[in-house]
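*Asks:* Just one file: entry-v2.txt, with compact mmCIF, C-alpha atoms.
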```
# COMPACT_ATOMS: atom_id res chain seq x y z
CA MET A 8 137.22 285.00 112.86
CA LYS A 9 136.08 286.27 109.46
CA LYS A 10 139.54 285.54 108.07
CA LEU A 11 139.41 281.96 109.36
CA MET A 12 135.95 281.46 107.81
CA PHE A 13 137.27 282.84 104.50
CA VAL A 14 140.21 280.44 104.57
CA ALA A 15 137.86 277.55 105.41
CA VAL A 16 135.65 278.41 102.45
CA LEU A 17 138.69 278.54 100.15
CA LEU A 18 139.89 275.15 101.41
CA PHE A 19 136.43 273.67 100.82
CA LEU A 20 136.30 275.03 97.28
CA PHE A 21 139.85 273.84 96.56
CA SER A 22 139.01 270.38 97.89
CA SER A 23 135.83 270.23 95.80
CA ILE A 24 137.65 271.22 92.62
CA SER A 25 140.67 268.99 93.24
CA TYR A 26 138.57 265.87 93.76
CA ALA A 27 135.91 266.56 91.13
CA GLN A 28 134.98 263.29 89.42
CA TYR A 29 135.10 263.47 85.65
CA TRP A 30 135.34 259.78 84.74
CA VAL A 31 133.68 256.61 85.99
CA LYS A 32 134.69 253.11 84.93
CA ILE A 33 131.99 250.92 83.37
CA ASP A 34 132.26 247.30 84.44
CA GLY A 35 131.71 244.28 82.23
CA VAL A 36 133.82 245.43 79.27
CA ASN A 37 137.06 243.82 78.08
CA PRO A 38 140.26 245.70 78.98
CA TYR A 39 141.63 246.43 75.50
CA ILE A 40 139.28 248.64 73.49
CA ASN A 41 139.77 249.15 69.77
CA LYS A 42 136.72 251.29 68.95
CA ILE A 43 133.66 252.85 70.61
CA PHE A 44 130.66 253.39 68.32
CA SER A 45 127.13 254.73 68.61
CA PRO A 46 124.66 254.95 65.68
CA VAL A 47 123.81 258.58 64.96
CA ASP A 48 120.11 257.72 64.68
CA GLU A 49 120.08 255.39 67.71
CA PRO A 50 122.16 257.32 70.25
CA ASN A 51 121.31 255.25 73.34
CA ARG A 52 122.92 252.21 71.72
CA ILE A 53 126.64 251.93 72.45
CA LEU A 54 128.95 249.33 70.87
CA VAL A 55 132.44 248.65 72.18
CA ALA A 56 134.90 246.63 70.09
CA SER A 57 137.16 245.16 72.75
CA SER A 58 139.35 242.19 73.55
CA GLY A 59 141.08 240.47 76.40
CA PHE A 60 144.32 240.67 74.41
CA PRO A 61 146.10 243.83 73.24
CA THR A 62 146.68 245.17 69.75
CA ASN A 63 149.38 247.77 70.14
CA VAL A 64 149.09 250.00 67.07
CA LEU A 65 152.19 251.93 68.17
CA GLN A 66 154.39 248.98 67.22
CA LYS A 67 156.28 249.23 63.96
CA ASN A 68 155.26 245.63 63.20
CA ILE A 69 151.94 245.02 64.92
CA ASP A 70 151.15 241.74 66.65
CA PHE A 71 147.46 240.82 66.37
CA PRO A 72 145.57 238.47 68.71
CA PHE A 73 144.96 235.08 67.12
CA ILE A 74 141.37 235.04 68.46
CA GLY A 75 139.41 238.14 69.48
CA ASN A 76 136.24 238.93 71.42
CA GLY A 77 134.18 240.83 68.84
CA TYR A 78 132.17 243.67 70.31
CA GLN A 79 129.90 244.21 73.28
CA GLU A 80 126.67 246.14 73.16
CA SER A 81 124.65 248.37 75.45
CA MET A 82 121.04 249.44 74.88
CA ASP A 83 120.87 251.71 77.94
CA SER A 84 123.31 254.51 77.08
CA GLY A 85 126.34 252.58 78.25
CA LYS A 86 125.17 251.71 81.75
CA THR A 87 125.44 247.95 81.18
CA PHE A 88 127.02 245.78 78.49
CA THR A 89 125.58 242.31 78.22
CA LYS A 90 125.34 241.35 74.55
CA TYR A 91 128.27 239.91 72.57
CA GLN A 92 128.59 239.81 68.78
CA LEU A 93 131.25 238.39 66.43
CA ASN A 94 132.97 236.48 69.20
CA GLU A 95 136.33 234.90 68.27
CA ARG A 96 137.02 237.83 65.90
CA SER A 97 138.94 241.00 66.66
CA VAL A 98 137.00 244.12 65.64
CA TYR A 99 138.94 247.34 64.93
CA ASP A 100 136.29 249.65 63.50
CA ILE A 101 132.50 249.88 63.30
CA TYR A 102 131.05 252.13 60.61
CA GLN A 103 127.52 253.14 59.63
CA SER A 104 126.68 253.85 55.99
CA LYS A 105 125.85 257.50 55.32
CA ARG A 106 123.31 256.64 52.65
CA TYR A 107 121.70 253.53 54.17
CA PRO A 108 121.76 253.78 58.00
CA ASN A 109 120.70 250.14 58.41
CA LYS A 110 123.89 249.04 56.66
CA TRP A 111 126.90 248.66 58.99
CA PHE A 112 130.49 247.61 58.36
CA VAL A 113 133.13 246.23 60.73
CA ALA A 114 136.85 245.90 60.14
CA VAL A 115 137.68 242.46 61.56
CA ARG A 116 140.47 239.95 61.94
CA HIS A 117 140.01 236.19 62.28
CA PHE A 118 143.11 234.11 62.97
CA THR A 119 145.63 235.55 60.49
CA ARG A 120 143.24 237.18 58.01
CA GLY A 121 141.69 240.64 58.07
CA GLY A 122 138.91 242.37 56.14
CA ILE A 123 135.34 243.68 56.28
CA LEU A 124 132.06 242.14 57.44
CA LEU A 125 128.72 243.61 56.35
CA SER A 126 125.37 243.79 58.13
CA THR A 127 122.21 245.02 56.43
CA ASN A 128 120.10 245.00 59.61
CA ARG A 129 122.04 247.18 62.05
CA GLY A 130 124.29 244.46 63.42
CA GLU A 131 121.66 241.80 64.08
CA ASN A 132 123.32 239.52 61.52
CA TRP A 133 126.67 239.69 59.78
CA SER A 134 127.95 238.27 56.51
CA GLU A 135 129.86 235.03 56.95
CA ASP A 136 132.48 235.71 54.30
CA ILE A 137 135.14 238.33 54.96
CA LEU A 138 135.22 241.00 52.26
CA CYS A 139 138.58 242.49 51.17
CA GLU A 140 140.21 239.49 52.86
CA SER A 141 143.98 239.59 53.15
CA SER A 142 146.83 239.06 55.59
CA ASN A 143 146.88 242.82 56.17
CA GLN A 144 144.47 244.56 58.53
CA LEU A 145 141.93 247.24 57.66
CA TYR A 146 141.90 249.63 60.60
CA ARG A 147 139.66 252.66 59.94
CA VAL A 148 136.76 253.15 57.48
CA SER A 149 135.26 256.32 56.01
CA SER A 150 132.94 257.24 53.14
CA THR A 151 131.40 260.08 51.16
CA ILE A 152 128.48 260.46 48.76
CA ILE A 153 129.33 260.94 45.07
CA ASN A 154 126.37 261.54 42.72
CA GLN A 155 124.07 259.77 45.22
CA ASP A 156 126.37 256.74 45.39
CA GLU A 157 128.51 255.95 48.42
CA PHE A 158 132.26 255.69 47.99
CA PHE A 159 134.16 253.85 50.74
CA VAL A 160 137.79 254.08 51.77
CA ALA A 161 139.77 252.23 54.42
CA ALA A 162 143.12 252.64 56.14
CA ALA A 163 145.27 249.50 56.33
CA ILE A 164 148.07 248.70 58.76
CA ASN A 165 150.94 246.18 58.60
CA THR A 166 151.23 246.82 54.89
CA SER A 167 152.85 249.24 52.47
CA GLU A 168 149.59 249.33 50.49
CA GLY A 169 147.61 251.12 53.16
CA PHE A 170 144.82 252.72 51.11
CA VAL A 171 141.84 250.63 50.01
CA TYR A 172 138.75 251.93 48.21
CA SER A 173 135.45 250.53 46.98
CA ASP A 174 132.30 251.78 45.25
CA ASN A 175 130.23 248.65 45.98
CA ASP A 176 130.20 248.12 49.77
CA PHE A 177 133.67 246.48 49.79
CA ILE A 178 132.46 243.61 47.64
CA THR A 179 135.23 244.66 45.28
CA CYS A 180 138.27 246.22 46.92
CA ASN A 181 140.94 248.21 45.17
CA SER A 182 144.42 249.12 46.37
CA SER A 183 146.26 252.19 45.16
CA SER A 184 149.87 252.46 44.11
CA LEU A 185 150.65 254.48 47.24
CA SER A 186 153.48 253.07 49.29
CA VAL A 187 152.20 253.91 52.77
CA GLU A 188 151.04 252.29 55.96
CA THR A 189 147.92 254.11 57.10
CA ARG A 190 146.42 254.55 60.56
CA SER A 191 143.84 257.21 59.72
CA VAL A 192 141.69 258.21 56.76
CA ALA A 193 139.03 260.95 56.71
CA PHE A 194 136.81 262.89 54.34
CA SER A 195 136.19 266.56 55.04
CA LYS A 196 132.53 267.08 55.89
CA ILE A 197 132.36 270.34 53.96
CA SER A 198 134.58 269.90 50.90
CA ASN A 199 134.89 266.13 50.15
CA LEU A 200 138.66 266.51 50.39
CA LEU A 201 140.15 263.15 51.33
CA PHE A 202 143.00 262.99 53.86
CA LEU A 203 145.25 260.00 54.47
CA SER A 204 148.01 259.52 57.02
CA GLY A 205 151.14 258.54 55.12
CA ASP A 206 152.73 256.64 57.96
CA ALA A 207 156.51 256.30 58.07
CA SER A 208 159.20 256.11 60.70
CA SER A 209 161.37 258.73 59.05
CA GLN A 210 159.00 260.99 57.09
CA GLY A 211 155.48 261.70 58.20
CA ARG A 212 152.98 262.82 55.60
CA VAL A 213 149.34 263.75 55.39
CA LEU A 214 148.31 263.06 51.82
CA ARG A 215 145.28 264.82 50.38
CA SER A 216 143.18 264.07 47.31
CA TYR A 217 140.72 266.28 45.44
CA ASP A 218 139.44 263.38 43.30
CA TYR A 219 138.58 260.68 45.86
CA GLY A 220 141.99 259.01 45.83
CA ARG A 221 142.73 258.85 42.10
CA SER A 222 145.63 261.26 42.57
CA TRP A 223 147.40 262.59 45.65
CA HIS A 224 149.19 265.72 46.82
CA ARG A 225 152.04 264.60 49.04
CA GLU A 226 153.79 267.71 50.39
CA SER A 227 153.63 267.95 54.19
CA SER A 228 156.24 270.47 55.29
CA GLY A 229 156.63 270.48 59.07
CA LEU A 230 156.01 266.77 59.64
CA GLU A 231 159.54 265.63 58.80
CA GLY A 232 160.71 262.82 61.08
CA LEU A 233 157.23 262.30 62.52
CA ARG A 234 154.61 259.56 62.18
CA VAL A 235 150.94 260.44 61.71
CA LEU A 236 148.49 258.52 63.92
CA SER A 237 145.20 260.39 63.42
CA ILE A 238 143.56 263.09 61.28
CA LEU A 239 140.67 265.52 61.83
CA PRO A 240 139.60 267.88 59.00
CA SER A 241 137.78 270.94 60.35
CA SER A 242 133.99 270.93 60.05
CA ILE A 243 133.82 274.72 59.59
CA ASP A 244 136.86 275.62 57.50
CA PRO A 245 138.20 273.40 54.68
CA SER A 246 141.68 274.84 55.06
CA ILE A 247 142.17 273.69 58.68
CA VAL A 248 143.28 270.13 59.48
CA LEU A 249 144.54 268.63 62.74
CA CYS A 250 146.69 265.53 63.06
CA GLY A 251 148.13 263.57 65.97
CA VAL A 252 151.76 262.54 65.64
CA ASP A 253 154.61 260.67 67.28
CA SER A 254 158.16 259.70 66.33
CA LEU A 255 159.98 256.38 66.48
CA THR A 256 163.33 255.74 68.11
CA VAL A 257 165.94 253.42 66.61
CA ASP A 258 164.52 250.49 68.58
CA GLY A 259 160.96 251.29 67.41
CA SER A 260 159.69 252.92 70.60
CA SER A 261 157.09 255.66 70.24
CA ILE A 262 157.63 259.21 71.50
CA GLY A 263 154.48 261.34 71.52
CA LYS A 264 154.70 264.69 69.76
CA GLY A 265 151.16 265.97 70.27
CA ILE A 266 148.79 267.71 67.84
CA TYR A 267 149.95 269.50 64.71
CA ILE A 268 147.79 271.95 62.73
CA SER A 269 147.64 272.93 59.08
CA LEU A 270 146.00 276.17 57.96
CA ASP A 271 146.36 275.43 54.23
CA THR A 272 144.61 272.06 53.71
CA GLY A 273 147.62 270.02 54.74
CA LYS A 274 150.40 271.60 52.69
CA THR A 275 152.35 272.88 55.69
CA TRP A 276 152.16 271.96 59.36
CA GLN A 277 153.16 273.42 62.71
CA TYR A 278 153.08 272.21 66.31
CA PHE A 279 149.80 273.07 68.06
CA THR A 280 149.45 271.44 71.50
CA GLY A 281 149.89 268.26 73.57
CA ALA A 282 153.68 267.87 73.38
CA GLY A 283 154.96 264.56 74.74
CA ASN A 284 151.76 262.63 74.04
CA GLN A 285 150.51 260.35 71.29
CA ILE A 286 147.16 261.46 69.86
CA PHE A 287 145.45 258.24 68.80
CA GLU A 288 142.04 259.48 67.71
CA PHE A 289 139.83 262.54 67.35
CA ALA A 290 136.05 262.55 67.80
CA GLU A 291 133.40 265.20 67.10
CA HIS A 292 129.88 265.53 68.41
CA PRO A 293 127.64 264.35 65.52
CA ARG A 294 125.40 267.45 65.68
CA TYR A 295 127.62 270.02 67.34
CA PRO A 296 131.06 269.77 65.70
CA ARG A 297 132.42 272.57 67.86
CA LEU A 298 132.70 269.87 70.56
CA VAL A 299 135.86 267.81 69.91
CA ALA A 300 137.68 265.18 71.98
CA ALA A 301 141.12 263.66 71.49
CA ALA A 302 142.44 260.36 72.85
CA ALA A 303 145.79 261.64 74.08
CA GLY A 304 147.59 258.60 75.51
CA ASN A 305 148.92 259.16 79.03
CA ALA A 306 147.62 262.75 78.92
CA GLY A 307 144.10 261.32 79.07
CA VAL A 308 141.34 263.05 77.13
CA LEU A 309 141.75 266.49 75.59
CA VAL A 310 138.52 268.42 75.07
CA SER A 311 137.67 271.46 72.96
CA SER A 312 134.43 273.41 72.70
CA ILE A 313 135.64 275.67 69.87
CA TYR A 314 136.18 273.31 66.94
CA GLY A 315 139.58 272.11 68.12
CA HIS A 316 141.14 275.58 68.26
CA TYR A 317 141.91 275.14 71.98
CA PHE A 318 142.10 271.97 74.10
CA GLU A 319 141.91 271.28 77.83
CA ALA A 320 142.78 268.03 79.63
CA PHE A 321 140.13 266.21 81.70
CA ASN A 322 141.71 263.30 83.58
CA ASN A 323 140.22 263.03 87.08
CA GLY A 324 139.02 259.46 87.57
CA LEU A 325 141.15 257.99 84.76
CA PRO A 326 143.94 255.56 85.73
CA THR A 327 147.25 257.38 86.04
CA ASN A 328 150.02 256.63 83.57
CA LYS A 329 147.62 254.63 81.40
CA SER A 330 147.04 255.33 77.74
CA VAL A 331 143.68 256.59 76.41
CA ARG A 332 143.52 255.26 72.85
CA THR A 333 139.96 255.80 71.65
CA VAL A 334 137.16 258.29 72.34
CA MET A 335 133.55 258.75 71.25
CA ILE A 336 131.02 261.57 71.74
CA PRO A 337 127.48 260.17 71.45
CA ASN A 338 124.71 262.01 69.64
CA TRP A 339 123.15 263.23 72.88
CA ASP A 340 121.78 266.67 73.59
CA THR A 341 124.12 269.04 75.36
CA THR A 342 123.05 270.86 78.52
CA ASP A 343 124.24 273.84 80.52
CA ALA A 344 126.33 271.30 82.44
CA GLY A 345 128.20 270.22 79.28
CA PHE A 346 128.42 266.99 77.31
CA ILE A 347 129.36 263.30 77.73
CA ILE A 348 132.38 261.42 76.34
CA PHE A 349 133.29 257.72 76.35
CA ALA A 350 136.98 256.74 76.49
CA GLY A 351 138.87 253.47 76.12
CA VAL A 352 141.95 253.14 78.34
CA TYR A 353 144.52 250.63 77.14
CA GLY A 354 144.41 247.58 79.43
CA GLU A 355 141.87 249.21 81.77
CA GLY A 356 138.60 249.12 79.83
CA LEU A 357 135.79 251.62 79.26
CA PHE A 358 135.23 254.92 81.04
CA LYS A 359 132.33 257.34 80.81
CA SER A 360 132.60 260.99 81.76
CA THR A 361 130.25 263.00 83.85
CA TYR A 362 129.07 266.16 82.08
CA LEU A 363 132.18 268.04 80.93
CA LYS A 364 132.32 271.76 80.27
CA THR A 365 135.44 273.56 79.13
CA SER A 366 136.52 276.91 80.50
CA VAL A 367 136.22 278.49 77.06
CA ASP A 368 133.55 278.84 74.39
CA ASN A 369 133.29 280.54 71.05
CA ASN A 370 134.17 283.85 72.68
CA ARG A 371 137.55 282.72 73.97
CA HIS A 372 140.20 285.47 74.06
CA SER A 373 137.54 288.08 74.82
CA ASP A 374 135.00 288.73 72.07
CA PHE A 375 136.82 288.60 68.75
CA LYS A 376 134.07 287.59 66.34
CA ILE A 377 132.79 287.85 62.78
CA LEU A 378 129.56 289.82 63.12
CA SER A 379 128.25 289.44 59.57
CA ILE A 380 129.06 288.77 55.92
CA SER A 381 126.46 290.29 53.63
CA PRO A 382 124.66 290.14 51.35
CA GLN A 383 124.24 286.41 50.91
CA PRO A 384 124.17 285.10 48.31
CA ALA A 385 126.44 287.73 46.76
CA ASN A 386 127.36 288.50 43.17
CA ASP A 387 129.36 291.70 43.55
CA ILE A 388 130.63 293.39 46.74
CA LEU A 389 130.62 291.66 50.12
CA ASN A 390 130.62 293.67 53.34
CA ILE A 391 132.33 292.00 56.32
CA ARG A 392 131.86 293.26 59.87
CA ILE A 393 134.15 292.06 62.67
CA TYR A 394 134.66 292.91 66.33
CA LEU A 395 138.09 293.06 67.95
CA PRO A 396 138.67 293.56 71.70
CA ASP A 397 142.06 295.20 71.01
CA ALA A 398 143.62 297.08 68.13
CA GLN A 399 145.81 294.68 66.13
CA ASN A 400 146.78 293.29 62.74
CA VAL A 401 144.75 290.41 61.32
CA ASN A 402 145.24 288.12 58.34
CA ILE A 403 142.28 287.60 55.99
CA THR A 404 142.18 284.55 53.71
CA ILE A 405 139.40 283.24 51.47
CA PHE A 406 139.14 279.58 50.42
CA ASN A 407 136.87 277.83 47.95
CA SER A 408 134.94 274.69 48.87
CA TYR A 409 137.97 272.50 48.05
CA GLY A 410 140.09 274.33 50.60
CA GLN A 411 142.14 276.09 47.92
CA GLU A 412 143.29 279.58 48.82
CA ILE A 413 141.90 282.10 46.33
CA TYR A 414 142.59 285.40 48.09
CA GLN A 415 144.80 286.68 50.88
CA LEU A 416 145.13 290.04 52.60
CA PRO A 417 147.88 289.85 55.26
CA ASN A 418 148.56 292.14 58.23
CA VAL A 419 145.54 294.42 58.00
CA TYR A 420 145.35 296.82 60.93
CA PHE A 421 142.00 297.29 62.67
CA ASN A 422 141.02 299.41 65.66
CA ALA A 423 139.49 298.00 68.83
CA GLY A 424 135.73 297.54 68.57
CA GLU A 425 133.55 297.08 65.49
CA ASN A 426 135.20 297.30 62.06
CA SER A 427 133.98 296.72 58.52
CA PHE A 428 135.60 296.22 55.13
CA ASN A 429 134.51 295.24 51.62
CA TRP A 430 135.67 292.42 49.34
CA ASN A 431 135.06 292.40 45.60
CA ALA A 432 133.63 289.02 44.55
CA ASN A 433 133.64 289.87 40.82
CA GLY A 434 135.35 287.19 38.75
CA PHE A 435 134.72 284.36 41.19
CA PRO A 436 132.27 281.62 40.11
CA SER A 437 129.12 280.60 41.95
CA GLY A 438 129.69 278.36 44.92
CA ILE A 439 130.40 278.06 48.62
CA TYR A 440 133.38 279.93 50.06
CA PHE A 441 134.99 280.32 53.48
CA MET A 442 136.47 283.46 54.98
CA GLN A 443 139.20 282.88 57.58
CA ILE A 444 140.27 285.77 59.83
CA LYS A 445 143.27 285.15 62.05
CA SER A 446 144.04 287.47 64.97
CA ASP A 447 146.99 287.34 67.36
CA ASN A 448 145.53 284.40 69.25
CA GLN A 449 142.46 283.06 67.47
CA ILE A 450 141.21 281.84 64.10
CA LEU A 451 137.62 282.43 63.04
CA SER A 452 135.90 281.10 59.92
CA GLU A 453 132.58 281.91 58.29
CA LYS A 454 130.86 280.43 55.24
CA PHE A 455 129.38 282.58 52.49
CA VAL A 456 127.82 281.98 49.06
CA ILE A 457 128.41 283.58 45.66
CA SER A 458 125.60 283.22 43.12
CA ARG A 459 125.71 284.39 39.51
```
As structure tokens, what does this structure read like?

*Replies:*
Amino acid sequence: MKKLMFVAVLLFLFSSISYAQYWVKIDGVNPYINKIFSPVDEPNRILVASSGFPTNVLQKNIDFPFIGNGYQESMDSGKTFTKYQLNERSVYDIYQSKRYPNKWFVAVRHFTRGGILLSTNRGENWSEDILCESSNQLYRVSSTIINQDEFFVAAAINTSEGFVYSDNDFITCNSSSLSVETRSVAFSKISNLLFLSGDASSQGRVLRSYDYGRSWHRESSGLEGLRVLSILPSSIDPSIVLCGVDSLTVDGSSIGKGIYISLDTGKTWQYFTGAGNQIFEFAEHPRYPRLVAAAAGNAGVLVSSIYGHYFEAFNNGLPTNKSVRTVMIPNWDTTDAGFIIFAGVYGEGLFKSTYLKTSVDNNRHSDFKILSISPQPANDILNIRIYLPDAQNVNITIFNSYGQEIYQLPNVYFNAGENSFNWNANGFPSGIYFMQIKSDNQILSEKFVISR
């Protein structure tokens, strides 16, 4: 009898886990979603750029809808979408200025012309004239602050001049001499390094710039024969960058290749996870960047709670064999139950998750951790304390704030438990630095400061 009760309990638990509901469809939204956006300072407001007609960015030569549906808006955390803006235009990105939060930008297309529209009152009104107007299409927008001025960049598709930049809100737009089509562009949040997907059918590249796009470093060993769809620079370590890739067949069909990782600011790359799937977009929580989501095509949504170092798939409730192409994590508080993600499924519309919680946290792979780096700020000798669950060799690398490697100590053996070692900071200028310690199965990073 006890055995039967035990089996019954197991069956109940298995049934509960198997049919757990992660995703719920939100009605009233167009089926083809280009971008999901929420203002950082107005987190209950959700905007969805969507259309009744598809824009398939996987195509080698992209067909755009002649007339779009603008974006829809929710003021109740995505429960209902009733307000339409910019109807008859296709919207591909919505971006909020970092310096002036009331200033918003959208990448739009109207008939056969693409460009930027500007709003100075949080989307209540939009400029009538399209800025940066051309037959090409701006697809993703990013910016950084330089000497208290905002510098904007945009990725352009259906063109070989895929990098556009502006220092005056896209009133004047400049194209570089780069010969690339670009699906993703991103500034590092901690180093101002600029990353650009150099999109090609035969040679994938992630280009990086230390001077805001004036000059570019083009080496990307490991991405040969791949196409780069998306980029995510790490928010804790300037040397780590993720990118989503695919490859193209002779007839132009896309084959997903998953996520690749670079541990040296994009110089060299290696396969990381998600084989067989296109990775269209990465998203971070605005306040808690350890929470990362990836739009992973037919694999659904991949979720990480440790800065993208490990991903898990959450697909229950999503349509099967349908492609997730955009994700967004709103600026909502997390709880013990987890956090919320919005996802756009190609041809199926908008989905909102229940609270998601991964099976790992910052202590994944037991309790390997950096206990302390002291003193801070330092001007001489730094003492580093780490904890290892097992005796093993680790690699220690130090990067400056531009992600340049300035010191490396490979294959250092440490015993299980607490260990400490010293590093001589003499000869290194004042500034912010990052220590990366790589064990057999985890990478940890910690910031420290040198002051002279």

*Asks:* Could the residues of stretch 231-257 of chain A that have an atom at most 6 Å from stretch 183-199 of chain A be listed as CSV, each with its closest atom pair and the distance in Å to one decimal, counting all atoms listed in the file and ordered by chain and ascending residue number?

*Replies:*
```
residue,atom,partner,partner_atom,distance
A:Leu236,CA,A:Arg190,CA,5.6
A:Ser237,CA,A:Ser191,CA,5.1
A:Pro240,CA,A:Ser195,CA,5.4
A:Ser242,CA,A:Lys196,CA,5.9
```

*Asks:* Residues as selected, C-alpha atoms, written as a JSON list (two decimals), keeping the file's coordinate frame, can you do that?

*Replies:*
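Final output, part38.json:
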```json
[["chain", "number", "residue", "atom", "x", "y", "z"],
["A", 236, "LEU", "CA", 148.49, 258.52, 63.92],
["A", 237, "SER", "CA", 145.20, 260.39, 63.42],
["A", 240, "PRO", "CA", 139.60, 267.88, 59.00],
["A", 242, "SER", "CA", 133.99, 270.93, 60.05]]
```

*Asks:* Considering all atoms listed in the file, return as a PDB file with C-alpha atoms, in the coordinates of the input whatever protein or nucleic-acid residues lie within 10 Å of A:Tyr414, sequence-local ones (same chain, fewer than 3 positions apart) excluded.

*Replies:*
```pdb
ATOM      1  CA  ILE A 403     142.280 287.600  55.990  1.00  0.00           C
ATOM      2  CA  THR A 404     142.180 284.550  53.710  1.00  0.00           C
ATOM      3  CA  ILE A 405     139.400 283.240  51.470  1.00  0.00           C
ATOM      4  CA  PHE A 406     139.140 279.580  50.420  1.00  0.00           C
ATOM      5  CA  ASN A 407     136.870 277.830  47.950  1.00  0.00           C
ATOM      6  CA  GLN A 411     142.140 276.090  47.920  1.00  0.00           C
ATOM      7  CA  PRO A 417     147.880 289.850  55.260  1.00  0.00           C
ATOM      8  CA  TRP A 430     135.670 292.420  49.340  1.00  0.00           C
ATOM      9  CA  MET A 442     136.470 283.460  54.980  1.00  0.00           C
TER      10      MET A 442
END
```

*Asks:* Taking 3 positions as the minimum chain separation for residues in the same chain, which residues sit within 8 Å of A:Gly259 when counting all atoms listed in the file? Answer as a list in words.

*Replies:*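 Result of the neighbour search: Gln66, Lys67, Leu255 and Thr256 of chain A.
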
*Asks:* Those same residues - C-alpha atoms - I'd like them written as a PDB file, in the frame of the given file.

*Replies:*
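Output below, filename out.pdb:
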```pdb
ATOM      1  CA  GLN A  66     154.390 248.980  67.220  1.00  0.00           C
ATOM      2  CA  LYS A  67     156.280 249.230  63.960  1.00  0.00           C
ATOM      3  CA  LEU A 255     159.980 256.380  66.480  1.00  0.00           C
ATOM      4  CA  THR A 256     163.330 255.740  68.110  1.00  0.00           C
TER       5      THR A 256
END
```

*Asks:* I'd like the contact shell of A:Ala385 - 7 Å cut-off, all atoms listed in the file, skipping same-chain residues fewer than 5 positions apart - returned as a ChimeraX atom specification.

*Replies:* /A:456-458

*Asks:* Print the selection's residues with C-alpha atoms to a file, as a PDB file, in the coordinates of the input.

*Replies:*
```
ATOM      1  CA  VAL A 456     127.820 281.980  49.060  1.00  0.00           C
ATOM      2  CA  ILE A 457     128.410 283.580  45.660  1.00  0.00           C
ATOM      3  CA  SER A 458     125.600 283.220  43.120  1.00  0.00           C
TER       4      SER A 458
END
```

*Asks:* Rounded to one decimal place, report the atom CA of A:Ala161-atom CA of A:Ser260 distance in Å.

*Replies:*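 We find that atom CA of A:Ala161 and atom CA of A:Ser260 lie 25.7 Å from each other.
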
*Asks:* So, with all atoms listed in the file as the atoms that count, which of A:Asp100, A:Asp340, A:Glu412, A:Glu131 lies closest to A:Tyr295?

*Replies:*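 Residue with the minimum atom-to-atom distance to A:Tyr295: A:Asp340.
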
*Asks:* Excluding same-chain residues fewer than 3 positions from A:Asn418, what lies within 8 Å of it counting only C-alpha atoms, as a list in words?

*Replies:*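 The contact residues come out as Asn400, Val401 and Asn402 of chain A.
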
*Asks:* Using only C-alpha atoms and a cutoff of 12 Å, can you tell me which residues are near (132.6, 290.6, 64.6) in the file's coordinates, and write them out as a ChimeraX atom specification?

*Replies:* /A:369-370,373-380,390-396,421,423-428,444,446,451-453

*Asks:* Measure the distance from atom CA of A:Thr87 to atom CA of A:Ile53 in Å and round it to one decimal.

*Replies:*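 The value is 9.7 Å.
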
*Asks:* When you draw a straight line from atom CA of A:Glu291 to atom CA of A:Gly356, how long is it in Å?

*Replies:*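 These atoms are spaced 21.2 Å apart.
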
*Asks:* Return the single residue from A:Asn429, A:Asn338, A:Ser228, A:Ser222 that is closest to A:Arg52, with distances computed using all atoms listed in the file.

*Replies:* A:Asn338

*Asks:* Pick out the residues sitting within 7 Å of A:Ser311, and hand them over as an mmCIF file with C-alpha atoms, in the coordinates of the input; count all atoms listed in the file, and ignore anything fewer than 2 positions along from it in its own chain.

*Replies:*
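Resulting contents of out.cif:
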```cif
data_model
loop_
_atom_site.group_PDB
_atom_site.id
_atom_site.type_symbol
_atom_site.label_atom_id
_atom_site.label_comp_id
_atom_site.auth_asym_id
_atom_site.auth_seq_id
_atom_site.Cartn_x
_atom_site.Cartn_y
_atom_site.Cartn_z
ATOM 1 C CA LEU A 298 132.700 269.870 70.560
ATOM 2 C CA VAL A 299 135.860 267.810 69.910
ATOM 3 C CA ALA A 300 137.680 265.180 71.980
ATOM 4 C CA LEU A 309 141.750 266.490 75.590
ATOM 5 C CA ILE A 313 135.640 275.670 69.870
ATOM 6 C CA TYR A 314 136.180 273.310 66.940
ATOM 7 C CA GLY A 315 139.580 272.110 68.120
ATOM 8 C CA TYR A 317 141.910 275.140 71.980
ATOM 9 C CA PHE A 318 142.100 271.970 74.100
ATOM 10 C CA GLU A 319 141.910 271.280 77.830
ATOM 11 C CA THR A 365 135.440 273.560 79.130
#
```

*Asks:* Scan for residues within 7 Å of the point (148.5, 233.5, 64.4) in the coordinates of the file, using only C-alpha atoms, and reply as a compact mmCIF listing (two decimals) with C-alpha atoms, in the frame of the given file.

*Replies:*
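Contents of part03.txt, freshly written:
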```txt
# COMPACT_ATOMS: atom_id res chain seq x y z
CA PHE A 73 144.96 235.08 67.12
CA PHE A 118 143.11 234.11 62.97
CA THR A 119 145.63 235.55 60.49
```

*Asks:* Which is closest to A:Asn37 among A:Gln79, A:Asn305, A:Asn63, A:Ser126, if we use all atoms listed in the file?

*Replies:*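 Counting all atoms listed in the file, the residue closest to A:Asn37 is A:Gln79.
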